[in-house]
file work19.txt (compact mmCIF, C-alpha atoms and all ligand atoms)
# COMPACT_ATOMS: atom_id res chain seq x y z
CA MET A 13 99.42 122.01 166.22
CA THR A 14 97.21 124.65 167.84
CA GLU A 15 94.94 123.35 170.54
CA PRO A 16 91.24 123.60 169.61
CA ALA A 17 89.18 126.32 171.30
CA ILE A 18 86.60 123.74 172.37
CA SER A 19 86.91 120.01 172.68
CA ILE A 20 84.03 117.79 173.84
CA ALA A 21 84.12 114.00 174.09
CA GLY A 22 81.23 111.81 175.18
CA LEU A 23 79.30 114.60 176.87
CA HIS A 24 76.21 113.58 178.83
CA LYS A 25 73.87 115.61 181.01
CA HIS A 26 70.98 113.94 182.77
CA TYR A 27 68.17 115.69 184.64
CA GLY A 28 66.73 112.72 186.49
CA ASP A 29 65.53 110.36 183.77
CA LEU A 30 65.84 112.96 181.04
CA HIS A 31 69.01 112.66 178.95
CA ALA A 32 69.18 116.30 177.87
CA VAL A 33 72.65 115.78 176.36
CA ASP A 34 73.18 112.23 175.23
CA GLY A 35 76.75 111.66 174.06
CA ILE A 36 78.05 114.67 172.15
CA ASP A 37 81.52 114.80 170.59
CA LEU A 38 82.70 118.05 169.07
CA GLU A 39 85.90 119.92 168.32
CA ILE A 40 85.86 123.60 167.42
CA PRO A 41 89.17 124.99 166.16
CA ARG A 42 90.31 128.47 167.11
CA GLY A 43 88.90 131.23 164.95
CA GLU A 44 85.86 129.25 163.86
CA VAL A 45 82.31 130.61 163.92
CA PHE A 46 80.20 127.61 164.90
CA ALA A 47 76.40 127.59 165.00
CA LEU A 48 74.42 125.12 167.06
CA LEU A 49 70.92 124.52 165.74
CA GLY A 50 68.13 122.33 166.98
CA PRO A 51 64.50 122.34 168.04
CA ASN A 52 63.31 123.62 171.42
CA GLY A 53 64.57 121.40 174.21
CA ALA A 54 67.23 119.72 172.03
CA GLY A 55 69.99 120.40 174.55
CA LYS A 56 71.72 123.43 173.02
CA SER A 57 71.61 125.73 176.06
CA THR A 58 72.56 122.88 178.38
CA THR A 59 75.61 122.14 176.23
CA VAL A 60 76.58 125.81 176.03
CA GLU A 61 76.14 126.32 179.78
CA ILE A 62 78.38 123.31 180.48
CA LEU A 63 81.03 124.86 178.22
CA GLU A 64 80.63 128.20 180.00
CA GLY A 65 81.21 126.50 183.34
CA PHE A 66 77.73 127.32 184.65
CA ARG A 67 76.37 123.78 184.64
CA LYS A 68 77.90 120.49 185.78
CA ARG A 69 78.00 117.59 183.37
CA THR A 70 76.97 114.03 184.19
CA ALA A 71 79.79 112.49 182.16
CA GLY A 72 82.31 113.25 179.45
CA ASP A 73 85.44 115.30 178.85
CA VAL A 74 85.28 119.01 178.12
CA SER A 75 88.12 121.41 177.40
CA VAL A 76 87.56 125.11 176.69
CA LEU A 77 90.65 127.18 175.88
CA GLY A 78 92.69 124.39 177.41
CA SER A 79 90.81 124.23 180.72
CA ASP A 80 87.97 122.17 182.13
CA PRO A 81 85.29 124.87 182.65
CA GLN A 82 84.24 123.24 185.93
CA HIS A 83 87.71 123.74 187.39
CA ALA A 84 89.07 126.63 185.34
CA PRO A 85 91.41 129.17 186.92
CA ARG A 86 90.05 132.69 187.57
CA HIS A 87 91.79 134.36 184.65
CA TRP A 88 90.14 131.86 182.26
CA ARG A 89 86.89 133.89 182.65
CA THR A 90 88.58 136.99 181.26
CA ARG A 91 89.34 135.06 178.04
CA VAL A 92 85.76 133.90 177.57
CA GLY A 93 82.81 136.14 176.66
CA VAL A 94 79.37 135.01 177.67
CA MET A 95 76.10 136.54 176.61
CA LEU A 96 73.86 136.07 179.61
CA GLN A 97 70.14 136.38 179.02
CA GLY A 98 68.81 139.52 180.61
CA THR A 99 72.07 140.66 182.26
CA SER A 100 71.22 144.22 181.45
CA GLU A 101 67.52 144.09 182.31
CA HIS A 102 67.75 145.69 185.71
CA GLY A 103 70.15 148.08 187.31
CA ALA A 104 70.78 151.75 187.68
CA LEU A 105 73.69 152.05 185.25
CA THR A 106 73.25 153.49 181.78
CA ALA A 107 74.30 151.42 178.75
CA ALA A 108 77.65 153.23 178.53
CA GLU A 109 78.23 153.01 182.29
CA SER A 110 77.59 149.28 182.47
CA LEU A 111 79.95 148.73 179.53
CA ARG A 112 82.57 150.96 181.11
CA TYR A 113 82.28 149.03 184.37
CA ALA A 114 82.48 145.67 182.57
CA ALA A 115 85.49 146.92 180.58
CA SER A 116 87.31 147.78 183.82
CA LEU A 117 87.27 144.09 184.79
CA TYR A 118 89.37 143.02 181.77
CA PRO A 119 93.05 143.51 181.03
CA ASP A 120 92.60 144.58 177.37
CA PRO A 121 89.00 145.65 176.79
CA ARG A 122 87.44 147.03 173.63
CA ASP A 123 86.65 150.70 173.36
CA VAL A 124 83.24 151.40 174.93
CA ASP A 125 82.06 153.92 172.29
CA GLU A 126 83.16 151.66 169.42
CA THR A 127 81.36 148.72 171.00
CA LEU A 128 78.18 150.77 171.50
CA GLU A 129 78.37 151.76 167.84
CA ALA A 130 78.97 148.17 166.71
CA VAL A 131 75.71 147.08 168.36
CA GLY A 132 73.82 150.19 167.23
CA LEU A 133 73.34 151.70 170.67
CA THR A 134 75.26 154.97 170.33
CA GLU A 135 72.08 156.99 170.66
CA LYS A 136 71.10 155.03 173.75
CA ALA A 137 74.49 155.37 175.49
CA GLY A 138 72.92 157.41 178.29
CA ALA A 139 69.77 155.29 178.63
CA LYS A 140 69.02 153.05 181.58
CA PRO A 141 67.90 149.45 180.93
CA ALA A 142 64.31 150.13 182.00
CA THR A 143 63.96 152.57 179.12
CA LEU A 144 65.46 150.27 176.47
CA SER A 145 63.31 148.04 174.27
CA GLY A 146 63.72 144.24 174.50
CA GLY A 147 65.84 144.16 171.34
CA GLN A 148 67.99 147.05 172.56
CA ARG A 149 68.63 145.29 175.90
CA ARG A 150 69.72 142.22 173.99
CA ARG A 151 72.10 144.33 171.93
CA LEU A 152 73.56 145.57 175.21
CA ASP A 153 73.91 141.93 176.34
CA VAL A 154 75.87 141.24 173.14
CA ALA A 155 78.06 144.30 173.79
CA LEU A 156 78.71 143.11 177.37
CA ALA A 157 79.75 139.69 176.03
CA VAL A 158 82.41 141.12 173.73
CA ILE A 159 83.63 144.19 175.67
CA GLY A 160 86.47 142.23 177.31
CA ARG A 161 87.96 141.31 173.88
CA PRO A 162 87.49 137.60 174.63
CA GLU A 163 89.24 134.88 172.64
CA LEU A 164 86.04 132.86 172.66
CA VAL A 165 82.44 134.13 172.76
CA PHE A 166 79.30 132.18 173.61
CA LEU A 167 76.11 133.70 172.24
CA ASP A 168 72.90 131.88 173.12
CA GLU A 169 70.14 132.96 170.71
CA PRO A 170 71.72 136.40 170.38
CA THR A 171 69.34 137.90 167.83
CA THR A 172 65.97 136.74 169.15
CA GLY A 173 63.79 139.84 169.18
CA PHE A 174 66.07 141.85 166.87
CA ASP A 175 64.49 143.76 164.03
CA PRO A 176 65.90 142.90 160.57
CA GLU A 177 68.26 145.89 160.58
CA ALA A 178 69.63 145.00 164.01
CA ARG A 179 70.22 141.41 162.85
CA ARG A 180 72.23 142.66 159.86
CA GLN A 181 74.20 144.93 162.18
CA PHE A 182 74.85 141.94 164.45
CA TRP A 183 76.08 139.93 161.47
CA THR A 184 78.53 142.73 160.68
CA LEU A 185 79.71 142.68 164.29
CA ILE A 186 80.29 138.92 164.09
CA ASP A 187 82.18 139.34 160.80
CA GLY A 188 84.38 141.89 162.59
CA LEU A 189 85.03 139.50 165.50
CA ARG A 190 85.82 136.75 163.03
CA GLY A 191 88.32 139.11 161.38
CA ASP A 192 90.03 139.52 164.77
CA GLY A 193 90.36 135.73 165.07
CA THR A 194 87.73 135.37 167.82
CA THR A 195 86.17 131.92 168.15
CA ILE A 196 82.38 132.12 168.32
CA LEU A 197 79.84 129.53 169.39
CA LEU A 198 76.30 130.68 168.86
CA THR A 199 72.92 129.03 169.09
CA THR A 200 70.14 130.24 166.87
CA HIS A 201 66.76 129.29 165.50
CA TYR A 202 67.37 131.38 162.39
CA LEU A 203 68.60 129.17 159.56
CA ASP A 204 69.57 132.16 157.43
CA GLU A 205 71.68 133.47 160.30
CA ALA A 206 73.57 130.19 160.64
CA ASP A 207 73.93 130.02 156.86
CA HIS A 208 75.33 133.53 156.67
CA LEU A 209 77.60 133.49 159.71
CA ALA A 210 78.80 129.99 160.45
CA ASP A 211 81.86 128.20 159.15
CA ARG A 212 80.22 125.02 160.41
CA ILE A 213 76.82 124.09 161.73
CA GLY A 214 76.00 121.40 164.27
CA ILE A 215 72.41 120.21 164.43
CA ILE A 216 71.30 118.75 167.77
CA ALA A 217 68.12 116.76 168.27
CA ALA A 218 67.17 115.07 171.53
CA GLY A 219 70.64 115.61 172.96
CA ARG A 220 72.52 114.10 170.02
CA MET A 221 74.44 115.65 167.17
CA VAL A 222 72.56 114.55 164.06
CA ALA A 223 74.62 116.54 161.55
CA LEU A 224 77.89 118.44 161.56
CA ASP A 225 78.93 120.18 158.38
CA THR A 226 79.51 123.46 156.56
CA PRO A 227 76.37 125.30 155.42
CA ALA A 228 77.17 124.37 151.81
CA GLY A 229 77.81 120.75 152.80
CA LEU A 230 74.46 120.57 154.57
CA ARG A 231 72.63 122.11 151.62
CA SER A 232 74.23 119.67 149.22
CA ARG A 233 72.65 116.78 151.14
CA ALA A 234 69.35 117.57 149.49
CA SER A 235 70.31 117.37 145.86
CA ALA A 236 66.86 117.35 144.27
CA ALA A 237 65.60 120.64 142.84
CA ARG A 238 61.90 121.24 142.36
CA VAL A 239 60.87 122.29 138.85
CA THR A 240 57.34 123.62 138.42
CA TRP A 241 55.60 124.70 135.21
CA THR A 242 52.16 124.83 133.58
CA GLU A 243 51.40 122.82 130.49
CA GLY A 244 47.99 122.35 128.82
CA GLY A 245 46.40 124.21 131.70
CA THR A 246 47.80 121.75 134.27
CA ARG A 247 50.42 122.58 136.91
CA HIS A 248 53.34 120.14 136.87
CA VAL A 249 55.86 119.61 139.69
CA GLU A 250 58.92 117.42 139.30
CA GLU A 251 61.74 116.75 141.76
CA THR A 252 65.00 116.11 139.97
CA ALA A 253 68.72 115.94 140.63
CA THR A 254 69.31 117.15 137.04
CA PRO A 255 67.11 120.23 136.59
CA THR A 256 69.11 121.43 133.59
CA ALA A 257 68.29 118.25 131.66
CA LEU A 258 64.62 118.65 132.52
CA LEU A 259 64.72 122.27 131.35
CA ARG A 260 66.27 121.18 128.05
CA ASP A 261 63.36 118.75 127.54
CA LEU A 262 60.85 121.43 128.38
CA LEU A 263 62.50 123.91 126.01
CA ALA A 264 62.42 121.34 123.22
CA ARG A 265 58.69 120.86 123.77
CA HIS A 266 57.78 124.55 124.00
CA ASP A 267 58.24 127.15 121.29
CA GLY A 268 57.57 130.22 123.37
CA GLU A 269 57.52 131.03 127.04
CA ILE A 270 57.08 128.14 129.46
CA THR A 271 54.20 129.30 131.62
CA GLY A 272 54.86 129.58 135.35
CA LEU A 273 58.35 128.07 135.15
CA GLU A 274 60.13 127.87 138.52
CA VAL A 275 63.28 126.05 139.59
CA VAL A 276 63.65 125.94 143.37
CA HIS A 277 66.72 124.50 145.06
CA PRO A 278 66.26 123.14 148.58
CA SER A 279 67.10 125.62 151.28
CA LEU A 280 69.13 124.94 154.40
CA GLU A 281 65.78 124.99 156.19
CA ASP A 282 64.48 122.10 154.05
CA VAL A 283 67.57 120.03 154.91
CA TYR A 284 67.32 120.97 158.59
CA LEU A 285 63.66 119.93 158.78
CA GLN A 286 64.45 116.62 157.07
CA LEU A 287 67.25 115.88 159.53
CA ILE A 288 65.08 116.73 162.53
CA ASP A 289 62.29 114.61 161.11
CA HIS A 290 64.67 111.62 160.65
CA ALA A 291 65.90 112.04 164.23
CA ALA A 292 62.38 112.33 165.68
CA ASN A 293 61.08 109.29 163.81
CA GLY A 294 64.13 107.17 164.46
CA THR A 295 64.60 106.60 160.75
CA PRO A 296 68.20 105.86 159.80
CA GLU A 297 70.24 108.76 158.53
CA THR A 298 71.01 108.81 154.85
CA GLU A 299 74.59 107.93 154.06
CA GLU A 300 75.40 111.60 153.34
CA ALA A 301 73.94 112.61 156.70
CA SER A 302 76.32 110.54 158.76
CA ALA A 303 79.04 113.14 159.30
N1 LIG B 1 67.43 122.59 185.23
C1 LIG B 1 66.75 121.69 184.55
N2 LIG B 1 66.08 120.71 185.17
C2 LIG B 1 65.40 119.77 184.48
N3 LIG B 1 65.33 119.73 183.13
C3 LIG B 1 65.97 120.69 182.47
C4 LIG B 1 66.71 121.72 183.13
N4 LIG B 1 67.25 122.55 182.19
C5 LIG B 1 66.86 122.06 180.99
N5 LIG B 1 66.10 120.96 181.15
C6 LIG B 1 65.52 120.12 180.08
O1 LIG B 1 66.59 119.68 179.25
C7 LIG B 1 66.20 119.66 177.89
C8 LIG B 1 67.18 120.51 177.08
O2 LIG B 1 66.98 121.86 177.42
P1 LIG B 1 67.86 123.03 176.76
O3 LIG B 1 67.49 124.31 177.46
O4 LIG B 1 69.28 122.63 176.77
O5 LIG B 1 67.29 123.02 175.27
P2 LIG B 1 67.57 124.03 174.07
O6 LIG B 1 68.01 123.20 172.91
O7 LIG B 1 68.48 125.13 174.50
O8 LIG B 1 66.09 124.58 173.81
P3 LIG B 1 65.56 126.03 173.30
O9 LIG B 1 65.77 126.08 171.83
O10 LIG B 1 64.10 125.95 173.65
O11 LIG B 1 66.29 127.09 174.07
C9 LIG B 1 64.76 120.17 177.86
O12 LIG B 1 63.91 119.05 177.80
C10 LIG B 1 64.60 120.90 179.16
O13 LIG B 1 63.27 120.86 179.61
call {"tool": "encode", "arguments": {"input": "work19.txt", "output": "structure tokens", "more": "lines below"}}
Ligand SMILES: Nc1ncnc2c1ncn2[C@@H]1O[C@H](COP(=O)(O)OP(=O)(O)OP(=O)(O)O)[C@@H](O)[C@H]1O
result
Amino acid sequence: MTEPAISIAGLHKHYGDLHAVDGIDLEIPRGEVFALLGPNGAGKSTTVEILEGFRKRTAGDVSVLGSDPQHAPRHWRTRVGVMLQGTSEHGALTAAESLRYAASLYPDPRDVDETLEAVGLTEKAGAKPATLSGGQRRRLDVALAVIGRPELVFLDEPTTGFDPEARRQFWTLIDGLRGDGTTILLTTHYLDEADHLADRIGIIAAGRMVALDTPAGLRSRASAARVTWTEGGTRHVEETATPTALLRDLLARHDGEITGLEVVHPSLEDVYLQLIDHAANGTPETEEASA
């Protein structure tokens, strides 16, 4: 059996009295795109930085591409791509030059021009960081993370500050990496991004994994749809697990158009907010939410 790309057992990280990571277990198979979600301060970056080998853990076992990141051999770094916040902010090198330099450090790098194109920076190839916008610098950070053709890429909030077009372009880039078999661990606050990109989503709250599932699996946890319509001048709202049956009843009662009819299925965001709310209030998880 192939060894997982990432394996975490009983991970803890304490900052003094604060248990930033409070017993996380997780296995990410090779080739998976995994999204880590959670509110500010939940412990996502701490977890990712431990996996990257930039932060020491308090307790637990961690294996990334078969090595403990704290004691990994030098060549392990060439197999792992890390998007560092603000790597490209300063410096005298142009976008193309910094990518070319980074590429020279790896045994089998991606093509610099292709990578610039994949992140939408072809026109800024000759620009220095100081003249790039915040979103463009972040795109360069993404390019720097993948230039070495890593087997595993860590992307911490990669699309924060991207305009909608740049986010779509980033999604295409991730789809391309997925096609090459690259394992990707990303953190994001964008539910639609996780929904679109991730094979599985892990939701962290207060240092604990409160849900671990596919996007569809998470969505299915909130089964009730909300049906809204107007009848006799009054607005009606009903939550139901069987919206079709309710619609049949409504159709039987109405000859013509049903005024203001809407059927809304819960979004991933609704489920996410419910899970975070349960975790924050210490209410027990529902039986479906105990993955
Ligand atoms: N070096 C540090 N010293 C003390 N506390 C820290 C340190 N780094 C992080 N923390 C605390 O650990 C907790 C988890 O922080 P972390 O950055 O991992 O959260 P996050 O989920 O990535 O949040 P965000 O979505 O805001 O980026 C927070 O309460 C944070 O204040």
call {"tool": "residues_around", "arguments": {"input": "work19.txt", "residues": "segment 49-52 of chain A", "least_positions_apart": "2", "cutoff": "7 Å", "atoms": "all atoms listed in the file", "output": "MDAnalysis selection string"}}
result
chainID A and resid 47 54 199:201 214:217
call {"tool": "atom_distance", "arguments": {"input": "work19.txt", "atom1": "atom CA of Glu126 of chain A", "atom2": "atom CA of Gln148 of chain A"}}
result
16.2 Å
call {"tool": "residues_around", "arguments": {"input": "work19.txt", "residues": "segment 181-194 of chain A", "least_positions_apart": "3", "cutoff": "7 Å", "atoms": "only C-alpha atoms", "output": "PyMOL selection string"}}
result
chain A and resi 43+130-131+163-164+177-178+209
call {"tool": "residues_near_ligand", "arguments": {"input": "work19.txt", "ligand": "ligand LIG 1 (chain B)", "cutoff": "12 Å", "atoms": "all atoms listed in the file", "output": "PyMOL selection string"}}
result
chain A and resi 24-34+48-62+66-69+97+167-170+172+198-202+214-221
call {"tool": "residues_around", "arguments": {"input": "work19.txt", "residues": "Phe166 of chain A", "least_positions_apart": "3", "cutoff": "7 Å", "atoms": "all atoms listed in the file", "output": "list in words"}}
result
Gly93, Val94, Met95, Ile196, Leu197 and Leu198 of chain A
call {"tool": "atom_distance", "arguments": {"input": "work19.txt", "atom1": "atom CA of Thr254 of chain A", "atom2": "atom CA of Leu285 of chain A"}}
result
22.6 Å
call {"tool": "closest_residue", "arguments": {"input": "work19.txt", "among": "A:Ser75, A:Ser116, A:Pro16, A:Asp153", "to": "Leu128 of chain A", "atoms": "only C-alpha atoms"}}
result
A:Asp153
call {"tool": "atom_distance", "arguments": {"input": "work19.txt", "atom1": "atom CA of Gly35 of chain A", "atom2": "atom CA of Ala84 of chain A"}}
result
22.4 Å
call {"tool": "closest_residue", "arguments": {"input": "work19.txt", "among": "A:Asp225, A:Glu243, A:Asp125, A:Asp80", "to": "Ile270 of chain A", "atoms": "only C-alpha atoms"}}
result
A:Glu243
call {"tool": "closest_residue", "arguments": {"input": "work19.txt", "among": "A:Arg161, A:Lys140, A:Ala104, A:Thr226", "to": "Thr195 of chain A", "atoms": "all atoms listed in the file"}}
result
A:Arg161
call {"tool": "closest_residue", "arguments": {"input": "work19.txt", "among": "A:Thr134, A:Glu109, A:Ala223, A:Leu280", "to": "Asp37 of chain A", "atoms": "only C-alpha atoms"}}
result
A:Ala223
call {"tool": "closest_residue", "arguments": {"input": "work19.txt", "among": "A:Thr127, A:Arg238, A:Tyr118, A:Leu133", "to": "Arg86 of chain A", "atoms": "only C-alpha atoms"}}
result
A:Tyr118
call {"tool": "closest_residue", "arguments": {"input": "work19.txt", "among": "A:Ala228, A:Ile36, A:Leu77, A:Val92", "to": "Thr14 of chain A", "atoms": "only C-alpha atoms"}}
result
A:Leu77
call {"tool": "residues_around", "arguments": {"input": "work19.txt", "residues": "Gly272 of chain A", "least_positions_apart": "5", "cutoff": "10 Å", "atoms": "all atoms listed in the file", "output": "list in words"}}
result
Thr240, Trp241, Thr242, Glu243, Arg247 and His248 of chain A
